[in-house]
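As provided, target-v9.txt (compact mmCIF, C-alpha atoms) reads as follows.
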# COMPACT_ATOMS: atom_id res chain seq x y z
CA MET A 135 -55.11 1.59 -12.04
CA GLN A 136 -53.98 -2.02 -12.23
CA LYS A 137 -52.39 -3.64 -9.19
CA HIS A 138 -49.03 -4.32 -10.90
CA THR A 139 -48.82 -0.69 -12.02
CA ILE A 140 -49.21 0.49 -8.43
CA SER A 141 -46.47 -1.89 -7.26
CA ALA A 142 -44.24 -0.69 -10.13
CA ILE A 143 -44.68 2.93 -9.04
CA ILE A 144 -43.82 1.98 -5.44
CA CYS A 145 -40.71 0.08 -6.59
CA LEU A 146 -39.61 2.99 -8.80
CA ALA A 147 -40.11 5.44 -5.95
CA GLY A 148 -38.01 3.20 -3.72
CA ALA A 149 -35.27 3.08 -6.35
CA LEU A 150 -35.28 6.87 -6.67
CA VAL A 151 -35.04 7.33 -2.89
CA ALA A 152 -32.16 4.81 -2.71
CA ALA A 153 -30.41 6.56 -5.60
CA ALA A 154 -30.86 9.95 -3.92
CA ILE A 155 -29.42 8.76 -0.60
CA ALA A 156 -26.49 6.96 -2.27
CA GLY A 157 -25.93 9.88 -4.64
CA ALA A 158 -25.73 12.38 -1.78
CA SER A 159 -23.17 10.15 -0.07
CA PHE A 160 -21.06 9.83 -3.24
CA LEU A 161 -21.28 13.55 -4.02
CA ALA A 162 -20.10 14.38 -0.50
CA MET A 163 -16.79 12.68 -1.35
CA ARG A 164 -16.06 15.40 -3.91
CA LYS A 165 -15.57 17.95 -1.14
CA PRO A 166 -11.81 17.99 -0.55
CA ASP A 167 -10.12 17.65 2.83
CA LEU A 168 -9.28 20.86 4.60
CA ILE A 169 -5.52 21.41 4.75
CA VAL A 170 -4.16 24.23 6.89
CA ARG A 171 -1.36 26.43 5.57
CA GLY A 172 1.49 25.93 8.03
CA PRO A 173 3.96 28.63 9.08
CA GLY A 174 6.43 27.57 6.39
CA VAL A 175 4.04 27.79 3.43
CA THR A 176 5.00 30.75 1.26
CA ASP A 177 2.62 30.19 -1.65
CA VAL A 178 -0.11 27.88 -2.85
CA LYS A 179 -0.53 27.34 -6.56
CA MET A 180 -2.43 24.91 -8.74
CA LEU A 181 -0.84 22.30 -10.96
CA SER A 182 -2.54 24.06 -13.88
CA ASP A 183 -0.15 26.98 -13.29
CA TRP A 184 2.50 24.70 -14.82
CA PHE A 185 0.19 22.98 -17.30
CA PRO A 186 -2.87 25.11 -18.19
CA GLY A 187 -4.48 22.10 -19.88
CA LEU A 188 -5.56 20.95 -16.41
CA LYS A 189 -7.36 24.14 -15.46
CA GLY A 190 -10.99 23.52 -14.52
CA THR A 191 -10.61 19.73 -14.63
CA PRO A 192 -10.98 17.31 -11.70
CA GLY A 193 -7.28 16.57 -12.09
CA ASP A 194 -6.14 20.06 -11.12
CA THR A 195 -4.68 20.04 -7.63
CA GLU A 196 -2.99 22.28 -5.07
CA VAL A 197 0.79 22.68 -4.95
CA TYR A 198 2.02 24.00 -1.61
CA ILE A 199 5.33 25.86 -1.81
CA LEU A 200 7.67 26.28 1.15
CA LYS A 201 10.54 28.51 0.04
CA GLY A 202 13.46 29.22 2.35
CA ALA A 203 15.15 32.57 2.79
CA ASP A 204 18.36 31.12 1.40
CA ASP A 205 18.78 29.56 -2.03
CA GLY A 206 19.39 25.87 -2.21
CA ALA A 207 18.15 22.67 -3.76
CA SER A 208 14.49 21.78 -4.20
CA MET A 209 12.32 18.79 -3.42
CA LEU A 210 8.90 17.76 -4.69
CA VAL A 211 6.83 15.48 -2.45
CA LEU A 212 3.86 13.65 -3.97
CA GLY A 213 1.20 12.45 -1.52
CA GLY A 214 -2.03 10.85 -2.63
CA THR A 215 -0.78 9.34 -5.86
CA HIS A 216 -2.94 6.44 -4.70
CA PRO A 217 -5.67 7.88 -2.46
CA ASN A 218 -6.27 4.49 -0.77
CA GLU A 219 -2.77 4.72 0.71
CA PRO A 220 -3.38 7.24 3.51
CA ALA A 221 0.12 7.43 5.01
CA GLY A 222 1.40 9.15 1.86
CA HIS A 223 -1.40 11.70 1.92
CA ILE A 224 -1.07 12.42 5.65
CA ALA A 225 2.74 12.59 5.51
CA ALA A 226 2.45 15.26 2.81
CA ILE A 227 0.04 17.20 5.04
CA MET A 228 2.52 16.87 7.91
CA LEU A 229 5.11 18.65 5.76
CA ILE A 230 2.66 21.40 4.79
CA GLU A 231 1.51 22.06 8.35
CA ASN A 232 4.87 21.69 10.16
CA ALA A 233 7.92 22.22 7.94
CA GLN A 234 9.68 25.58 8.15
CA PRO A 235 12.18 26.22 5.38
CA LYS A 236 15.66 27.67 5.90
CA SER A 237 17.41 26.85 2.64
CA GLY A 238 15.93 25.59 -0.59
CA THR A 239 12.37 25.00 -1.70
CA LEU A 240 9.87 22.28 -0.92
CA TYR A 241 6.95 21.65 -3.26
CA VAL A 242 4.21 19.45 -1.79
CA ILE A 243 1.25 18.02 -3.70
CA PRO A 244 -0.88 16.28 -1.05
CA ARG A 245 -3.53 15.10 -3.53
CA ALA A 246 -1.52 14.13 -6.57
CA ASN A 247 -4.51 12.25 -7.97
CA ALA A 248 -7.23 14.65 -6.80
CA SER A 249 -9.87 12.79 -8.80
CA GLY A 250 -9.06 9.55 -6.97
CA PHE A 251 -10.06 11.17 -3.67
CA THR A 252 -13.63 11.66 -4.93
CA ALA A 253 -14.52 7.95 -5.08
CA ASN A 254 -13.94 4.58 -3.46
CA ASP A 255 -12.91 1.40 -5.22
CA PRO A 256 -16.05 -0.70 -5.75
CA GLN A 257 -16.45 -3.97 -3.81
CA GLU A 258 -13.65 -3.15 -1.36
CA GLY A 259 -15.84 -2.09 1.56
CA ALA A 260 -13.39 0.70 2.36
CA PRO A 261 -14.50 3.66 4.48
CA GLN A 262 -15.10 6.94 2.68
CA SER A 263 -13.06 8.82 5.27
CA PHE A 264 -11.15 8.44 8.51
CA THR A 265 -10.90 10.74 11.49
CA ILE A 266 -7.78 11.75 13.40
CA GLN A 267 -8.33 13.20 16.86
CA THR A 268 -6.30 16.33 17.58
CA PRO A 269 -6.08 18.59 20.65
CA ASN A 270 -8.21 21.05 18.67
CA GLY A 271 -10.91 18.60 17.66
CA PRO A 272 -11.29 15.91 15.03
CA ARG A 273 -9.82 16.23 11.54
CA VAL A 274 -11.45 14.19 8.78
CA PHE A 275 -9.56 12.92 5.73
CA ARG A 276 -10.78 11.14 2.62
CA TYR A 277 -9.98 7.50 1.95
CA GLY A 278 -10.21 7.35 -1.81
CA SER A 279 -9.66 5.07 -4.75
CA ARG A 280 -6.35 3.77 -6.04
CA ALA A 281 -7.18 5.29 -9.41
CA THR A 282 -8.82 8.25 -11.08
CA ASN A 283 -12.59 8.37 -10.55
CA PRO A 284 -14.20 6.58 -13.53
CA ILE A 285 -16.74 9.39 -13.62
CA HIS A 286 -13.88 11.64 -14.73
CA GLN A 287 -12.30 9.15 -17.15
CA TRP A 288 -14.62 6.58 -18.68
CA PRO A 289 -14.78 4.02 -20.21
CA ASP A 290 -11.55 2.10 -19.62
CA PRO A 291 -10.02 0.38 -22.64
CA ASN A 292 -9.71 -3.41 -22.61
CA VAL A 293 -5.92 -3.01 -22.63
CA TYR A 294 -3.98 0.01 -21.41
CA ILE A 295 -1.05 0.82 -23.66
CA HIS A 296 1.56 3.07 -22.03
CA ALA A 297 2.09 5.81 -24.59
CA SER A 298 5.85 6.25 -24.59
CA SER A 299 6.90 2.59 -24.24
CA GLY A 300 4.05 0.54 -25.70
CA GLN A 301 3.88 -1.49 -22.47
CA THR A 302 0.50 -3.20 -22.10
CA LEU A 303 -1.37 -3.52 -18.81
CA SER A 304 -4.95 -4.31 -17.83
CA GLY A 305 -7.44 -1.68 -18.93
CA SER A 306 -8.15 -0.24 -15.48
CA GLU A 307 -4.48 0.74 -15.12
CA THR A 308 -5.23 3.54 -17.56
CA ARG A 309 -6.52 5.44 -14.50
CA ASN A 310 -3.49 4.65 -12.32
CA LEU A 311 -1.45 7.84 -11.92
CA ASN A 312 1.67 5.82 -11.22
CA ARG A 313 1.48 4.07 -14.59
CA GLY A 314 0.97 7.18 -16.70
CA TYR A 315 4.29 9.05 -16.53
CA PRO A 316 5.68 11.00 -18.27
CA GLY A 317 2.15 11.75 -19.41
CA ARG A 318 0.80 13.47 -22.49
CA PRO A 319 -0.65 16.98 -22.89
CA ASP A 320 -3.48 15.59 -25.05
CA GLY A 321 -3.91 12.26 -23.28
CA THR A 322 -6.41 11.00 -20.73
CA LEU A 323 -7.05 13.01 -17.56
CA THR A 324 -4.59 10.76 -15.70
CA GLU A 325 -1.91 11.26 -18.36
CA ARG A 326 -2.48 15.02 -18.26
CA VAL A 327 -1.94 15.08 -14.49
CA CYS A 328 1.31 13.14 -15.01
CA TYR A 329 2.30 15.63 -17.70
CA GLY A 330 1.52 18.54 -15.36
CA ILE A 331 3.75 17.10 -12.63
CA VAL A 332 6.55 16.59 -15.17
CA GLN A 333 6.17 20.21 -16.30
CA LEU A 334 6.46 21.39 -12.69
CA ILE A 335 9.65 19.35 -12.23
CA LYS A 336 11.16 20.65 -15.45
CA LYS A 337 10.20 24.32 -15.08
CA GLU A 338 11.22 24.54 -11.40
CA ASN A 339 14.30 22.36 -11.96
CA VAL A 340 13.31 20.16 -9.00
CA THR A 341 16.36 18.41 -7.55
CA ILE A 342 14.69 15.48 -5.74
CA THR A 343 11.21 13.99 -6.18
CA VAL A 344 9.66 11.75 -3.53
CA ASP A 345 6.52 9.74 -4.28
CA LEU A 346 4.83 8.48 -1.09
CA HIS A 347 2.97 5.18 -1.20
CA GLU A 348 1.77 2.26 0.86
CA ALA A 349 1.61 -1.43 0.01
CA SER A 350 -0.24 -4.53 1.08
CA PRO A 351 1.65 -6.55 3.72
CA GLU A 352 1.81 -9.49 1.29
CA TYR A 353 3.46 -7.35 -1.42
CA PRO A 354 7.23 -7.88 -1.73
CA VAL A 355 8.15 -4.20 -2.09
CA ILE A 356 7.21 -2.91 1.36
CA ASN A 357 8.92 -0.80 4.02
CA ALA A 358 11.11 0.03 1.09
CA ILE A 359 12.51 2.80 -1.03
CA VAL A 360 12.63 2.32 -4.79
CA ALA A 361 15.20 4.51 -6.51
CA HIS A 362 16.09 5.36 -10.09
CA PRO A 363 19.76 4.48 -10.82
CA LYS A 364 20.81 8.13 -10.68
CA ALA A 365 19.16 8.50 -7.24
CA MET A 366 20.69 5.30 -5.86
CA GLN A 367 23.57 6.99 -4.01
CA LEU A 368 21.18 9.42 -2.34
CA ALA A 369 18.80 6.61 -1.40
CA SER A 370 21.65 4.45 -0.07
CA ASP A 371 22.78 7.23 2.23
CA MET A 372 19.19 7.70 3.38
CA VAL A 373 18.83 4.00 4.20
CA LEU A 374 21.97 4.19 6.36
CA GLY A 375 20.53 7.21 8.16
CA LEU A 376 17.29 5.36 8.87
CA GLU A 377 19.11 2.22 10.00
CA MET A 378 20.99 4.35 12.52
CA GLN A 379 17.58 5.25 13.95
CA ASP A 380 16.70 1.55 14.01
CA ILE A 381 14.17 1.97 11.19
CA LYS A 382 14.40 -1.02 8.86
CA ILE A 383 13.97 -0.19 5.19
CA SER A 384 15.04 -2.02 2.05
CA LEU A 385 16.48 -0.39 -1.03
CA GLU A 386 15.18 -1.53 -4.40
CA PRO A 387 16.41 -0.49 -7.83
CA SER A 388 13.76 0.85 -10.20
CA PRO A 389 13.00 -1.97 -12.68
CA VAL A 390 14.02 -0.99 -16.21
CA ASN A 391 11.06 -2.75 -17.84
CA LEU A 392 8.28 -1.54 -15.55
CA ARG A 393 7.17 1.65 -17.22
CA GLY A 394 5.01 4.62 -16.33
CA LEU A 395 6.10 4.84 -12.68
CA THR A 396 7.60 7.91 -11.00
CA HIS A 397 10.85 6.22 -9.99
CA ARG A 398 11.49 5.20 -13.61
CA GLU A 399 10.02 7.86 -15.89
CA LEU A 400 10.82 10.99 -13.85
CA GLY A 401 14.44 9.87 -13.82
CA ASP A 402 14.48 9.11 -17.53
CA PHE A 403 12.55 12.17 -18.72
CA THR A 404 13.69 14.90 -16.30
CA ASP A 405 16.80 15.90 -14.32
CA THR A 406 15.22 15.18 -10.94
CA LEU A 407 16.40 12.37 -8.64
CA PRO A 408 13.23 10.29 -8.13
CA VAL A 409 12.50 7.87 -5.31
CA LEU A 410 9.32 6.11 -4.22
CA MET A 411 8.64 4.91 -0.69
CA GLU A 412 6.28 2.21 0.62
CA THR A 413 4.90 1.46 4.08
CA ALA A 414 2.63 -1.39 5.27
CA ASN A 415 -1.09 -0.71 4.89
CA ALA A 416 -3.39 -3.59 5.81
CA SER A 417 -6.52 -1.75 4.66
CA GLN A 418 -5.55 -2.16 1.02
CA GLY A 419 -4.39 -5.77 1.33
CA ARG A 420 -6.10 -8.86 -0.11
CA LEU A 421 -5.88 -10.89 3.10
CA ARG A 422 -7.56 -8.37 5.37
CA GLY A 423 -10.70 -8.97 7.37
CA ARG A 424 -13.14 -6.26 8.39
CA THR A 425 -12.30 -3.03 6.56
CA ASP A 426 -13.15 0.11 8.49
CA GLU A 427 -11.65 3.30 9.89
CA ALA A 428 -10.04 1.37 12.73
CA LEU A 429 -8.10 -0.79 10.28
CA VAL A 430 -6.91 2.31 8.42
CA LEU A 431 -5.76 3.94 11.65
CA THR A 432 -4.36 0.97 13.59
CA GLY A 433 -3.48 -1.62 10.99
CA LYS A 434 -4.62 -4.27 13.46
CA ASP A 435 -5.96 -7.32 11.63
CA LYS A 436 -6.09 -10.87 12.98
CA TRP A 437 -5.91 -12.38 9.51
CA TYR A 438 -2.62 -10.65 8.80
CA VAL A 439 -1.29 -11.89 12.14
CA ARG A 440 -2.25 -15.39 11.01
CA ALA A 441 -0.69 -14.86 7.57
CA GLU A 442 2.52 -13.75 9.26
CA LYS A 443 2.60 -16.99 11.29
CA LEU A 444 2.19 -18.90 8.02
CA GLY A 445 5.14 -17.03 6.54
CA ARG A 446 3.08 -15.33 3.82
CA LEU A 447 4.07 -11.70 4.48
CA TYR A 448 7.01 -9.50 3.60
CA VAL A 449 6.78 -7.36 6.73
CA PRO A 450 6.67 -8.36 10.42
CA TYR A 451 3.06 -8.42 11.62
CA ASP A 452 1.73 -8.97 15.14
CA GLU A 453 -1.27 -7.94 17.24
CA LYS A 454 0.04 -4.36 17.44
CA GLY A 455 -0.52 -3.90 13.70
CA HIS A 456 1.12 -1.07 11.80
CA PRO A 457 -0.61 2.11 12.98
CA LEU A 458 -0.85 5.22 10.86
CA GLU A 459 1.52 6.98 13.28
CA GLU A 460 4.25 4.49 12.46
CA ARG A 461 3.63 4.65 8.71
CA VAL A 462 3.50 8.46 8.54
CA GLY A 463 6.52 8.61 10.85
CA ARG A 464 8.50 6.40 8.49
CA HIS A 465 7.67 8.64 5.51
CA VAL A 466 8.40 11.94 7.24
CA THR A 467 11.61 10.64 8.82
CA ALA A 468 12.76 9.22 5.50
CA ILE A 469 12.21 12.61 3.85
CA SER A 470 14.28 14.27 6.61
CA GLU A 471 17.01 11.70 6.04
CA LEU A 472 16.90 12.30 2.28
CA MET A 473 17.53 15.98 2.99
CA ASN A 474 20.38 15.12 5.37
CA SER A 475 21.91 12.80 2.79
CA TRP A 476 21.67 15.45 0.10
CA ASN A 477 23.23 18.09 2.36
CA LEU A 478 26.18 15.84 3.23
CA GLU A 479 27.06 15.50 -0.46
CA HIS A 480 26.04 19.01 -1.58
CA PRO A 481 26.74 21.50 1.22
CA GLU A 482 26.98 24.27 -1.39
CA LYS A 483 23.31 23.77 -2.36
CA PRO A 484 21.54 22.73 0.83
CA LEU A 485 17.98 21.69 1.54
CA GLU A 486 17.30 22.62 5.16
CA PHE A 487 13.96 22.47 6.91
CA GLU A 488 13.03 22.72 10.57
CA GLY A 489 9.94 21.75 12.52
CA LEU A 490 9.52 18.24 11.16
CA PRO A 491 8.53 15.74 13.87
CA GLY A 492 10.82 12.75 14.31
CA TYR A 493 9.90 9.07 14.19
CA GLU A 494 9.77 8.73 17.98
CA ASP A 495 7.61 11.87 18.18
CA PHE A 496 4.99 10.19 16.00
CA LEU A 497 5.12 6.93 17.95
CA THR A 498 4.85 8.57 21.37
CA LYS A 499 2.62 11.58 20.65
CA GLY A 500 0.57 10.38 17.68
CA ILE A 501 -0.35 12.30 14.55
CA GLY A 502 -3.05 14.59 15.92
CA VAL A 503 -0.73 16.86 17.90
CA PHE A 504 1.06 17.78 14.66
CA LEU A 505 -2.12 18.77 12.81
CA LEU A 506 -2.98 22.46 13.00
CA PRO A 507 -6.43 23.70 14.08
CA LEU A 508 -8.89 24.32 11.28
CA PRO A 509 -9.86 27.94 10.71
CA ALA A 510 -13.05 28.93 12.51
CA LYS A 511 -16.20 28.81 10.39
CA ASN A 512 -17.76 32.20 9.73
CA MET B 133 -16.60 6.41 -26.92
CA PHE B 134 -17.89 8.14 -23.79
CA TYR B 135 -21.15 9.16 -25.46
CA ILE B 136 -21.64 5.71 -27.02
CA TYR B 137 -21.36 4.13 -23.57
CA LEU B 138 -23.72 6.74 -22.15
CA ALA B 139 -26.25 6.00 -24.91
CA ILE B 140 -26.05 2.25 -24.21
CA LEU B 141 -26.60 3.01 -20.53
CA ALA B 142 -29.65 5.17 -21.27
CA ILE B 143 -31.18 2.43 -23.44
CA VAL B 144 -30.61 -0.25 -20.77
CA LEU B 145 -32.13 2.05 -18.16
CA ALA B 146 -35.18 2.74 -20.33
CA LEU B 147 -35.66 -0.99 -20.97
CA THR B 148 -35.37 -1.71 -17.25
CA VAL B 149 -38.05 0.84 -16.45
CA TRP B 150 -40.20 -0.64 -19.21
CA VAL B 151 -39.82 -4.12 -17.67
CA LEU B 152 -40.67 -2.68 -14.26
CA PHE B 153 -44.04 -1.46 -15.52
CA ASP B 154 -44.70 -4.30 -17.96
CA THR B 155 -44.22 -7.31 -15.72
CA LYS B 156 -46.87 -8.53 -13.32
CA LYS B 157 -44.35 -10.47 -11.24
CA LEU B 158 -43.46 -8.58 -8.04
CA SER B 159 -40.04 -10.23 -7.65
CA LEU B 160 -39.08 -9.06 -11.14
CA GLN B 161 -40.30 -5.54 -10.35
CA VAL B 162 -38.14 -5.41 -7.21
CA THR B 163 -35.16 -6.72 -9.17
CA ALA B 164 -35.68 -4.09 -11.87
CA ALA B 165 -35.89 -1.37 -9.21
CA MET B 166 -32.57 -2.46 -7.75
CA VAL B 167 -30.94 -2.47 -11.20
CA ILE B 168 -32.20 1.06 -11.82
CA VAL B 169 -30.18 2.52 -8.90
CA PRO B 170 -26.62 2.05 -10.28
CA LEU B 171 -27.74 2.79 -13.84
CA LEU B 172 -29.28 6.08 -12.76
CA LEU B 173 -26.22 7.07 -10.71
CA ARG B 174 -23.95 6.48 -13.70
CA LEU B 175 -26.32 8.22 -16.15
CA LEU B 176 -26.19 11.29 -13.89
CA MET B 177 -22.39 10.82 -13.64
CA ILE B 178 -22.53 10.63 -9.85
CA LYS B 179 -20.95 7.20 -9.38

Take the structure I supplied and represent it as structure tokens, if you would.
Amino acid sequence: MQKHTISAIICLAGALVAAAIAGASFLAMRKPDLIVRGPGVTDVKMLSDWFPGLKGTPGDTEVYILKGADDGASMLVLGGTHPNEPAGHIAAIMLIENAQPKSGTLYVIPRANASGFTANDPQEGAPQSFTIQTPNGPRVFRYGSRATNPIHQWPDPNVYIHASSGQTLSGSETRNLNRGYPGRPDGTLTERVCYGIVQLIKKENVTITVDLHEASPEYPVINAIVAHPKAMQLASDMVLGLEMQDIKISLEPSPVNLRGLTHRELGDFTDTLPVLMETANASQGRLRGRTDEALVLTGKDKWYVRAEKLGRLYVPYDEKGHPLEERVGRHVTAISELMNSWNLEHPEKPLEFEGLPGYEDFLTKGIGVFLLPLPAKN
Amino acid sequence: MFYIYLAILAIVLALTVWVLFDTKKLSLQVTAAMVIVPLLLRLLMIK
């Protein structure tokens, strides 16, 4: 055998070993986080129960239902629309594991873009997961991609054309769940997930829909709630409620010309009152330094502190960062305030839940104490 | 479109393996081996 053939075989073997190691790591991301059914969960369904076209696809995802003993209004909470925005995902899990319904129904989708949790965004250096310590041991959660896994929807077009408006965006936005509403039953996987969520809202006559997000500290819409015009009164009341707790939040109207987003399309195409909320997540920002679990959990980043001093940010930023406790606390407290605001205006059709931790609870006790123990392995 | 892209990928992968065995230059062999990794992961629809 010639010398260069031997070296070729060695190189090929090395490539196969590298591919096997990397492949095992990537495949491990497809195993979903464990979420514990809290005391208020009355049923768990799949999104395909409302849109069978999703059944058996990577876009199908769990819908946790918390139905109170008394009739009332209903709320849908979307976590994980963008799986690289962990506060939305964790806040949804907080509702599932802690909320106890009295009146009305809460629908929670913690992994709205389930496919996005199975991959990372390339060239971002983001961790594949992060760990939250609890009194019952560590709980591990996926840190995914902003968009649907390209393995599940590939290739991207050069230009993404939003189906119902003709709006054009860059091709990769075709996998962005929050650009695909109201979705299409025969569209891409991302559009079918959007369509499934719209079907849930329509068939269950969901009163309020909350889409939980995070944003880069240099992004103008941050620590904010974005509301469709018909949800503006509700959102205004909520902002007042948060201000009374000394939680600063801005109120933004849903832009008429920015299409495909929950706060626009769910309001236009269904009867629900849609709002979207943003907190400050350094781990998805462009100005960040080292990107690891610590950044996800603490939000501490010296480059953002420097950017703040240069006046480049839209959110206060100091050495304390913006920890996950604060960001999840903002989301959960805002949801509680949305319910309070609704109940003030509609006492005949209330939405009452107990057991939700308050903002100060998160800041003083952390997140871990509000996560339930995982079931013992058999 | 999916299958067209997959076919292109398979052809590029086959050509890369061919280069790996055809060239006598070690640096080119190592480069080809590195290129094979992402192509293989996409061909198997892993990443």

Spatial neighbours of A:Gly401, 10 Å, all atoms listed in the file, chain gap at least 3 places, as an MDAnalysis selection string = chainID A and resid 316 342:343 361:365 388 395:398 404:409

Residues within 8 Å of stretch 427-443 of chain A, only C-alpha atoms, excluding chain neighbours under 5 positions, as an MDAnalysis selection string | chainID A and resid 220 261 263:265 351 415:417 421:422 450:458

Determine which residues of chain A sit within 6 Å of chain B, taking into account all atoms listed in the file, and present them as a list in words.
-> His138, Thr139, Ala142, Cys145, Leu146, Ala149, Ala153 and Ile285 of chain A

Any idea what's packed within 10 Å of A:Tyr241, counting only C-alpha atoms, ignoring anything in its chain fewer than 2 positions away? Could you give it as number ranges by chain?
-> A: 175, 177-179, 197-201, 208-212, 226, 229-230, 239, 243-244, 334-335, 338, 340, 343

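Taking atom CA of A:Gly206 as the reference point, atom CA of A:Thr176 is found at 15.6 Å.
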
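Straight-line separation from atom CA of A:Leu478 to atom CA of A:Ala369: 12.7 Å.
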
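Comparing the minimum interatomic distances between A:Lys382 and each of A:Val449, A:Ile295, A:Ala349, A:Met228, counting all atoms listed in the file, we find that A:Val449 sits nearest.
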
Take atom CA of A:Ala253 and atom CA of A:Ser306 and report the distance between them in Å, one decimal.
-> 14.7 Å

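Minimum distance to A:Gly317 across A:Ser384, A:Gln379, A:Ser299, A:Ser370 (counting all atoms listed in the file) occurs at A:Ser299.
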
Could you pull the residues within 12 Å of A:Gln257, counting all atoms listed in the file, minus those fewer than 3 positions along the same chain, as number ranges by chain?
-> A: 254, 260-261, 279, 425
